[in-house]
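For reference, the structure discussed in these notes is given below.
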Amino acid sequence: MPERSSRRRVRGAATTLAAVALAGTAALTGCSPDGGTAGAASPSPSPTPAWDASPASVAAVGDSITRGFDACAVLADCPEVSWATGTDGGVKSLAVRLLGVSKAASHSWNHAVSGARMAQLPEQMALAAQEKPELVTVMIGANDACRDSVGLMTPVADFRASFEASMRRLRASAPKSQVYVSSVPDLKRLWSTGRENPLGKQIWKLGICRSMLGDADDMGAAAVARREAVRERVVAYNGVLRDVCTRDERCRYDGGAVFDYRFTGEQLSEWDWFHPGRNGQARLAEIAYRNVTAAGPPA
């Protein structure tokens, strides 16, 4: 009897040790002894929403460029030639290219305001969100750099805070709207092109973008440094637009396409030689359409 009892105790201990070892292996591999997953299964990450290259409605926010300022008459808005939502047949706006002429008239909205800076964008975004658009276009930032002096330009941190607030305002009411963000144009290149026109330079003296266009023919060291400081600030603004947009899974930045575009004299307003004219608006529409309908975001 004592010998058989001892053998039973040894076999019991071995069984217990085997069970402990098996449990330990399961804990290390994440599997239970019966082949299942140990503990609660981790939820699979939500897939990134696919970009819809054919949105059925468009709302535009931004500044004078999106309002078609100085494209049809001096010192006046001309939204019918807007690159984003205009109806002009020569421009063929983004909305017209996406929706067709008739639907663009009823399914697109322009909430941009001439002279607007980034600080005003949250309010525009809130208005756009009310339309529940499938696509919101954003082009803003030139007026943040176009001030009476370099010192008055919007600080980059403030620019970022306002853009982030704008995206939050949109997402609060229109969480599924896609957003297409245009880069800020290269203001220094516009100065370089526009200064070839004597009439345009006379209009500039009325106070258009003094930080860049003031004393247009002055090539002294101070003037050159001033213009470069404005350009560097625009580059920083575009970095903010890219960074904030990248963090939103339904946002697409143009990859700097508008900043890199070389506007010619025929594409600028015949009145101020700074804002895009009809031809320039059409080029902006082409850039936007190409990026919105592309299979993936710009590199």
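Within each chain, counting starts at residue 1; across the structure tokens, chains are named A, B, ... in the order shown, with ligands numbered 1 upward in that order.
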Residues of stretch 261-294 of chain A at most 12 Å from stretch 95-108 of chain A: nearest atom pair and distance in Å, only C-alpha atoms, as a Markdown table:
```
| residue | atom | partner | partner_atom | distance |
| --- | --- | --- | --- | --- |
| A:Ala282 | CA | A:Arg97 | CA | 11.0 |
| A:Ala285 | CA | A:Arg97 | CA | 8.5 |
| A:Glu286 | CA | A:Arg97 | CA | 9.0 |
| A:Ile287 | CA | A:Arg97 | CA | 11.6 |
| A:Ala288 | CA | A:Ala95 | CA | 10.0 |
| A:Tyr289 | CA | A:Arg97 | CA | 7.2 |
| A:Arg290 | CA | A:Arg97 | CA | 10.3 |
| A:Val292 | CA | A:Leu98 | CA | 9.3 |
| A:Thr293 | CA | A:Leu98 | CA | 8.8 |
```
With only C-alpha atoms counted and 9 Å as the cut-off, give the residues of stretch 151-208 of chain A in contact with stretch 274-280 of chain A, each with its shortest interatomic distance in Å and the pair that gives it, as a tab-separated table.
```
residue	atom	partner	partner_atom	distance
A:Leu187	CA	A:Phe274	CA	8.5
A:Leu190	CA	A:Phe274	CA	6.1
A:Trp191	CA	A:Phe274	CA	7.2
A:Thr193	CA	A:Phe274	CA	8.5
A:Gly194	CA	A:Phe274	CA	6.1
A:Gly200	CA	A:Phe274	CA	7.8
A:Trp204	CA	A:Phe274	CA	8.6
A:Ile208	CA	A:Phe274	CA	8.7
```
Would you save the residues from that selection as a compact mmCIF listing (two decimals), in the first residue's frame, using N, CA, C and O atoms?
```txt
# COMPACT_ATOMS: atom_id res chain seq x y z
N LEU A 187 4.12 83.93 -52.94
CA LEU A 187 3.91 85.37 -53.11
C LEU A 187 5.13 86.06 -53.72
O LEU A 187 4.99 87.03 -54.47
N LEU A 190 4.90 85.66 -57.41
CA LEU A 190 3.89 86.57 -57.96
C LEU A 190 4.44 87.99 -58.06
O LEU A 190 4.16 88.70 -59.02
N TRP A 191 5.20 88.41 -57.04
CA TRP A 191 5.84 89.73 -57.10
C TRP A 191 6.79 89.80 -58.29
O TRP A 191 6.77 90.79 -59.06
N THR A 193 6.76 88.17 -61.08
CA THR A 193 6.04 88.20 -62.35
C THR A 193 5.29 89.51 -62.53
O THR A 193 5.35 90.15 -63.59
N GLY A 194 4.58 89.93 -61.49
CA GLY A 194 3.73 91.12 -61.59
C GLY A 194 4.48 92.42 -61.76
O GLY A 194 3.97 93.37 -62.37
N GLY A 200 0.16 97.40 -63.03
CA GLY A 200 0.00 96.58 -61.83
C GLY A 200 0.72 97.17 -60.64
O GLY A 200 0.19 97.22 -59.53
N TRP A 204 -0.53 98.26 -56.90
CA TRP A 204 0.09 97.78 -55.67
C TRP A 204 0.30 98.90 -54.66
O TRP A 204 0.24 98.68 -53.45
N ILE A 208 -1.86 96.85 -51.58
CA ILE A 208 -1.98 95.40 -51.71
C ILE A 208 -0.71 94.72 -51.23
O ILE A 208 0.38 95.00 -51.73
```
Within 6 Å of A:Ser211, counting only C-alpha atoms, which residues qualify if same-chain residues fewer than 5 places away don't, as a PyMOL selection string? chain A and resi 146-150
Pull the strand (DSSP E) assignments for stretch 28-146 of chain A out of DSSP run on the backbone, and list those residues as a PyMOL selection string. chain A and resi 58-62+108-110+135-139
Selection file, C-alpha atoms, as a CSV table (one decimal), in the first residue's frame:
```
chain,number,residue,atom,x,y,z
A,58,VAL,CA,-18.6,70.9,-52.7
A,59,ALA,CA,-18.3,73.7,-50.2
A,60,ALA,CA,-15.4,76.2,-50.5
A,61,VAL,CA,-13.8,78.2,-47.7
A,62,GLY,CA,-10.9,80.6,-47.9
A,108,SER,CA,-21.8,73.8,-54.3
A,109,TRP,CA,-21.4,76.7,-51.8
A,110,ASN,CA,-18.8,79.4,-51.5
A,135,LEU,CA,-15.9,67.8,-50.1
A,136,VAL,CA,-14.7,71.0,-48.6
A,137,THR,CA,-12.0,73.0,-50.4
A,138,VAL,CA,-9.6,75.1,-48.4
A,139,MET,CA,-7.3,77.9,-49.8
```
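Minimum distance to A:Ile140 across A:Gln202, A:Gln124, A:Ser57, A:Ser269 (counting only C-alpha atoms) occurs at A:Gln124.
If you look at atom CA of A:Pro298 and atom CA of A:Arg242, they are 11.0 Å away from each other.
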Looking only at the backbone, which of the residues in stretch 141-290 of chain A does DSSP tag as helix (DSSP H, G or I), as a PyMOL selection string? chain A and resi 142-145+150-152+156-173+187-194+198-204+210-213+221-246+257-260+265-267+278-290
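Closest to A:Trp273 among A:Tyr180, A:Phe259, A:Phe69, A:Trp51 is A:Phe69, based on only C-alpha atoms.
Put simply, atom CA of A:Arg250 is 4.9 Å away from atom CA of A:Gln178.
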What's around A:Met167 at 9 Å? Count only C-alpha atoms, leave out sequence neighbours fewer than 3 positions away in its own chain, and write the answer as a ChimeraX atom specification. /A:122,125,162-164,170-172,244-245,248
Save out the residues we just selected, C-alpha atoms, as a tab-separated table (two decimals), in the first residue's frame.
```tsv
chain	number	residue	atom	x	y	z
A	122	PRO	CA	-13.20	78.35	-38.03
A	125	MET	CA	-15.82	75.97	-41.61
A	162	SER	CA	-6.58	78.35	-35.96
A	163	PHE	CA	-6.33	75.65	-38.62
A	164	GLU	CA	-6.64	72.91	-36.02
A	170	LEU	CA	-15.89	70.90	-39.35
A	171	ARG	CA	-15.63	67.49	-37.75
A	172	ALA	CA	-18.12	68.41	-35.02
A	244	VAL	CA	-2.58	69.15	-39.76
A	245	CYS	CA	-4.18	67.70	-42.87
A	248	ASP	CA	-7.03	63.76	-40.54
```
As an exercise, work out the distance from atom CA of A:Phe263 to atom CA of A:Ala116 in Å and give it to one decimal place. 22.2 Å
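If you measure from each of A:Pro133, A:Gly239, A:Gly255, A:Gly141 to A:Gln120 using only C-alpha atoms, the closest one turns out to be A:Gly141.
Between A:Ala161 and the candidates A:Asn143, A:Ala222, A:Thr246, A:Leu121, the tightest atom-to-atom separation, counting only C-alpha atoms, involves A:Leu121.
Counting only C-alpha atoms and comparing A:Arg168, A:Leu241, A:Leu152, A:Val81, the residue that lies closest to A:Gly256 is A:Leu241.
Taking only C-alpha atoms into account, A:Gly115 lies nearest to A:Ser64 out of the set A:Thr85, A:Ser64, A:Asn291, A:Thr154.
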Need the shell around A:Val235: protein/DNA/RNA residues with any atom at most 9 Å away, counting only C-alpha atoms. Skip same-chain ones fewer than 5 positions apart. Format as an mmCIF file with N, CA, C and O atoms, in the first residue's frame?
```cif
data_model
loop_
_atom_site.group_PDB
_atom_site.id
_atom_site.type_symbol
_atom_site.label_atom_id
_atom_site.label_comp_id
_atom_site.auth_asym_id
_atom_site.auth_seq_id
_atom_site.Cartn_x
_atom_site.Cartn_y
_atom_site.Cartn_z
ATOM 1 N N VAL A 184 -0.552 77.576 -50.006
ATOM 2 C CA VAL A 184 -0.556 79.025 -50.225
ATOM 3 C C VAL A 184 0.363 79.322 -51.407
ATOM 4 O O VAL A 184 1.468 78.779 -51.489
ATOM 5 N N ASP A 186 3.105 81.012 -53.919
ATOM 6 C CA ASP A 186 4.411 81.624 -53.672
ATOM 7 C C ASP A 186 4.298 83.118 -53.969
ATOM 8 O O ASP A 186 4.357 83.554 -55.123
ATOM 9 N N VAL A 230 8.949 87.023 -45.969
ATOM 10 C CA VAL A 230 7.555 86.696 -46.293
ATOM 11 C C VAL A 230 7.482 85.315 -46.936
ATOM 12 O O VAL A 230 6.617 84.496 -46.598
ATOM 13 N N VAL A 240 2.412 73.756 -41.987
ATOM 14 C CA VAL A 240 1.311 73.566 -41.045
ATOM 15 C C VAL A 240 0.120 72.922 -41.741
ATOM 16 O O VAL A 240 -0.487 71.968 -41.229
ATOM 17 N N PHE A 259 1.737 76.254 -54.595
ATOM 18 C CA PHE A 259 2.946 77.017 -54.260
ATOM 19 C C PHE A 259 3.980 76.890 -55.377
ATOM 20 O O PHE A 259 4.667 77.862 -55.717
#
```
